[in-house]
Amino acid sequence: MKSIKQNSPQAVVAIALITAACLTGDSMLYIALPTHWEQAGLDSLWEVGILLSINRFIRLPLTPAIGWAYARIGVRTGVLAAVVLTGLLTVGYGLADGFAGWLLLRCLWGVAWTLLRMGAYLMILDCTDEACSGAVFGRYNGLFRLGSLVGMLTGGVIADLWGMPAAAFGFGAIVFATLPLVFRYAPTVCVAPKETEPLRQRLRQVNTPAIVRALGSGLLIAAAYQGVVASSLSHLIRSNWGPAVALGFGAVGAASLSGGLQALRWAWEPWLAPWFGRLSDGPRGRRKILGALLMAAAVLLGAVSLQLPFGLWLAAVLGMQVTATALTTIGDAAAADAAQSRARTTVMTLYVMATDIGAALGPFLGYLLAELRGAASMYQAAALWLFALGLWWLSDGFRRPSSVA
């Protein structure tokens with residue numbers, strides 16, 4: 001069997017497409033559940049916030065255990081288990097009725113996603129180095145977000161027209177269709193090196209400014225985009241313009257409009273994410289690029305929170321989505337750079353945990369804040385923490401000679 005390095009371009013594409021298929025059902029929920037929660041058997045909007053967050057809280061204690069397991073089992077075993085479990089859960093979204101059933105499904109999705117994401121990151125780390133990590137992560141992020149494109153764009157429309165079960169059953173079939181890719185490309189050998197040092201010693205090794213900053217960036221970027229924006233854009237539209245928005249060609253439901261706007265990001269990511277990755281691989285390094293992009297993202301998130309003239313608001317949303325593409329890709333590459341010369345599995349385990357914490361806190365705290373101060377406050381809070389993160393990246397106190405500085 002070929003090693004993963006010998007087969008790296010095909011392996012990266014394959015794991016990206018597998019991830020994309022597994023994301024379709026989950027992405028559909030972020031669009032459809034905030035507007036169809038009564039049809040799902042839920043009693044209040046705060047339950048939506050819990051369901052969209054709980055899978056990420058479940059992932060936190062699981063991530064170290066799965067990182068340990070991947071140092072001892074083949075990647076194929078972990079990815080295969082993730083795909084089968086995801087397919088069953090996605091079908092289950094069409095059958096669930098009531099908060100308890102939904103809670104169980106979302107907890108199990110946390111298990112499946114942790115298995116899949118850790119396996120993908122370890123495969124990609126084995127295919128890259130600091131000179132090209134931006135481009136490789138750009139290719140992976142661009143391709144796997146096609147799953148979010150399909151899930152949000154078609155999921156919102158199908159849910160508005162025929163209900164959530166129709167979307168769930170269709171996306172479940174797509175997940176099971178990727179099983180041949182798992183057997184063809186996921187290696188049976190271990191790709192995560194066993195790290196024999198005590199945990200305390202490994203944590204001391206990763207306690208460097210570059211690694212801490214990469215982890216903090218993963219947390220806050222995920223909180224803003226995976227947490228607040230993905231889970232609440234349809235709710236913001238509904239709060240500002242009602243359940244349907246009148247456009248030139250007719251009225252469009254809040255879920256459909258939100259799905260279309262967010263799907264635009266996944267449509268351009270296969271081309272734009274690698275470009276941003278290659279840009280950050282260049283002589284400018286990642287520090288200044290990340291700092292400038294974070295500042296721009298803060299301004300755009302603040303604009304999206306306002307009830308502007310609709311055309312101007314749409315322009316702000318599109319700009320916000322471009323910054324999401326750039327920040328997610330370059331943030332992943334910065335973490336990969338930091339992991340190359342340190343305890344690799346430990347660094348990537350901590351990075352996955354950091355992004356999970358951010359993505360979990362985003363909708364949970366965001367919907368809590370929305371209940372108290374309105375939907376716009378979610379986006380204003382995200383703008384503030386991205387602005388602070390941008391200052392951190394541009395601070396002279398964190399200058400380093402490497403590409404992550």
# chains A, B, ... in the order shown; residues from 1 in each chain; ligands from 1
>>> residues_around(residues="range 376-391 of chain A", least_positions_apart="2", cutoff="8 Å", atoms="only C-alpha atoms", output="PyMOL selection string")
chain A and resi 217+220-221+223-224+228-229+236+290-295+297-302+304-306+366-367+369-370+373-374+393-395
>>> residues_around(residues="range 266-276 of chain A", least_positions_apart="6", cutoff="6 Å", atoms="only C-alpha atoms", output="PyMOL selection string")
chain A and resi 135+138-139+142-143+145-146+149+325-326
>>> select_by_dssp(residues="range 174-395 of chain A", states="strand (DSSP E)", output="list in words")
Ala244, Val245, Ala246, Leu247, Gly250, Ala251, Val252 and Gly253 of chain A
>>> write_last_selection(atoms="C-alpha atoms", output="PDB file, in the first residue's frame")
ATOM      1  CA  ALA A 244     -39.763  36.430   4.493  1.00  0.00           C
ATOM      2  CA  VAL A 245     -37.785  39.151   2.724  1.00  0.00           C
ATOM      3  CA  ALA A 246     -39.240  40.901  -0.333  1.00  0.00           C
ATOM      4  CA  LEU A 247     -36.729  40.946  -3.199  1.00  0.00           C
ATOM      5  CA  GLY A 250     -40.503  37.855  -4.957  1.00  0.00           C
ATOM      6  CA  ALA A 251     -40.386  36.989  -1.268  1.00  0.00           C
ATOM      7  CA  VAL A 252     -37.670  34.666   0.066  1.00  0.00           C
ATOM      8  CA  GLY A 253     -37.886  32.833   3.402  1.00  0.00           C
TER       9      GLY A 253
END
>>> residues_around(residues="Trp113 in chain A", least_positions_apart="4", cutoff="9 Å", atoms="only C-alpha atoms", output="list of chain:residue names")
A:Thr19, A:Cys22, A:Leu23, A:Asn55, A:Arg59, A:Ala82, A:Val83, A:Thr86, A:Leu108, A:Trp109, A:Arg117, A:Met118
>>> closest_residue(among="A:Gly92, A:Gly74, A:Gly110, A:Gly242", to="Leu60 in chain A", atoms="only C-alpha atoms")
A:Gly110
>>> residues_around(residues="range 167-174 of chain A", least_positions_apart="2", cutoff="10 Å", atoms="only C-alpha atoms", output="ChimeraX atom specification")
/A:18,20-26,28-29,32,84,86-95,147,150-151,154-159,162-165,176-179
>>> write_last_selection(atoms="C-alpha atoms", output="PDB file, in the first residue's frame")
ATOM      1  CA  ILE A  18     -15.585  12.647   2.759  1.00  0.00           C
ATOM      2  CA  ALA A  20     -17.914  17.505   2.919  1.00  0.00           C
ATOM      3  CA  ALA A  21     -20.486  14.730   2.710  1.00  0.00           C
ATOM      4  CA  CYS A  22     -20.534  14.318   6.484  1.00  0.00           C
ATOM      5  CA  LEU A  23     -21.140  18.053   6.966  1.00  0.00           C
ATOM      6  CA  THR A  24     -24.263  18.317   4.798  1.00  0.00           C
ATOM      7  CA  GLY A  25     -26.792  17.312   7.444  1.00  0.00           C
ATOM      8  CA  ASP A  26     -25.133  19.299  10.225  1.00  0.00           C
ATOM      9  CA  MET A  28     -28.610  22.090   7.126  1.00  0.00           C
ATOM     10  CA  LEU A  29     -29.537  22.289  10.813  1.00  0.00           C
ATOM     11  CA  ALA A  32     -33.337  25.189   9.189  1.00  0.00           C
ATOM     12  CA  VAL A  84     -21.033   5.209   9.295  1.00  0.00           C
ATOM     13  CA  THR A  86     -22.655  10.265  10.615  1.00  0.00           C
ATOM     14  CA  GLY A  87     -24.864   8.585   8.038  1.00  0.00           C
ATOM     15  CA  LEU A  88     -27.065   7.060  10.725  1.00  0.00           C
ATOM     16  CA  LEU A  89     -27.295  10.336  12.647  1.00  0.00           C
ATOM     17  CA  THR A  90     -28.195  12.363   9.566  1.00  0.00           C
ATOM     18  CA  VAL A  91     -31.084  10.032   8.824  1.00  0.00           C
ATOM     19  CA  GLY A  92     -32.029  10.355  12.491  1.00  0.00           C
ATOM     20  CA  TYR A  93     -32.491  14.113  12.069  1.00  0.00           C
ATOM     21  CA  GLY A  94     -35.478  13.316   9.926  1.00  0.00           C
ATOM     22  CA  LEU A  95     -37.027  11.091  12.598  1.00  0.00           C
ATOM     23  CA  GLY A 147     -20.617  20.064   2.128  1.00  0.00           C
ATOM     24  CA  VAL A 150     -24.917  21.805  -0.302  1.00  0.00           C
ATOM     25  CA  GLY A 151     -26.274  21.559   3.240  1.00  0.00           C
ATOM     26  CA  THR A 154     -30.321  23.121  -0.620  1.00  0.00           C
ATOM     27  CA  GLY A 155     -31.092  22.249   3.008  1.00  0.00           C
ATOM     28  CA  GLY A 156     -32.734  25.584   3.712  1.00  0.00           C
ATOM     29  CA  VAL A 157     -34.778  25.450   0.500  1.00  0.00           C
ATOM     30  CA  ILE A 158     -35.878  21.814   1.010  1.00  0.00           C
ATOM     31  CA  ALA A 159     -36.815  22.530   4.636  1.00  0.00           C
ATOM     32  CA  TRP A 162     -40.980  19.968   2.095  1.00  0.00           C
ATOM     33  CA  GLY A 163     -39.755  19.988   5.678  1.00  0.00           C
ATOM     34  CA  MET A 164     -36.567  18.932   7.445  1.00  0.00           C
ATOM     35  CA  PRO A 165     -37.067  15.140   7.139  1.00  0.00           C
ATOM     36  CA  PHE A 176     -23.063   6.542   2.879  1.00  0.00           C
ATOM     37  CA  ALA A 177     -22.043   7.048  -0.766  1.00  0.00           C
ATOM     38  CA  THR A 178     -18.533   8.117   0.364  1.00  0.00           C
ATOM     39  CA  LEU A 179     -17.640   4.753   1.939  1.00  0.00           C
TER      40      LEU A 179
END
>>> atom_distance(atom1="CA of Gln307 in chain A", atom2="CA of Trp392 in chain A")
30.0 Å
>>> residues_around(residues="Arg184 in chain A", least_positions_apart="5", cutoff="10 Å", atoms="only C-alpha atoms", output="list of chain:residue names")
A:Ala11, A:Ala14, A:Arg76, A:Leu179
>>> write_last_selection(atoms="N, CA and C atoms", output="mmCIF file, in the first residue's frame")
data_model
loop_
_atom_site.group_PDB
_atom_site.id
_atom_site.type_symbol
_atom_site.label_atom_id
_atom_site.label_comp_id
_atom_site.auth_asym_id
_atom_site.auth_seq_id
_atom_site.Cartn_x
_atom_site.Cartn_y
_atom_site.Cartn_z
ATOM 1 N N ALA A 11 -5.041 11.877 -1.490
ATOM 2 C CA ALA A 11 -5.523 11.647 -0.121
ATOM 3 C C ALA A 11 -6.160 12.902 0.457
ATOM 4 N N ALA A 14 -9.523 13.341 -1.211
ATOM 5 C CA ALA A 14 -10.480 12.326 -0.766
ATOM 6 C C ALA A 14 -11.013 12.628 0.634
ATOM 7 N N ARG A 76 -7.850 4.645 8.827
ATOM 8 C CA ARG A 76 -9.039 4.104 8.168
ATOM 9 C C ARG A 76 -10.099 3.678 9.178
ATOM 10 N N LEU A 179 -18.380 5.876 1.345
ATOM 11 C CA LEU A 179 -17.640 4.753 1.939
ATOM 12 C C LEU A 179 -16.552 4.196 1.022
#
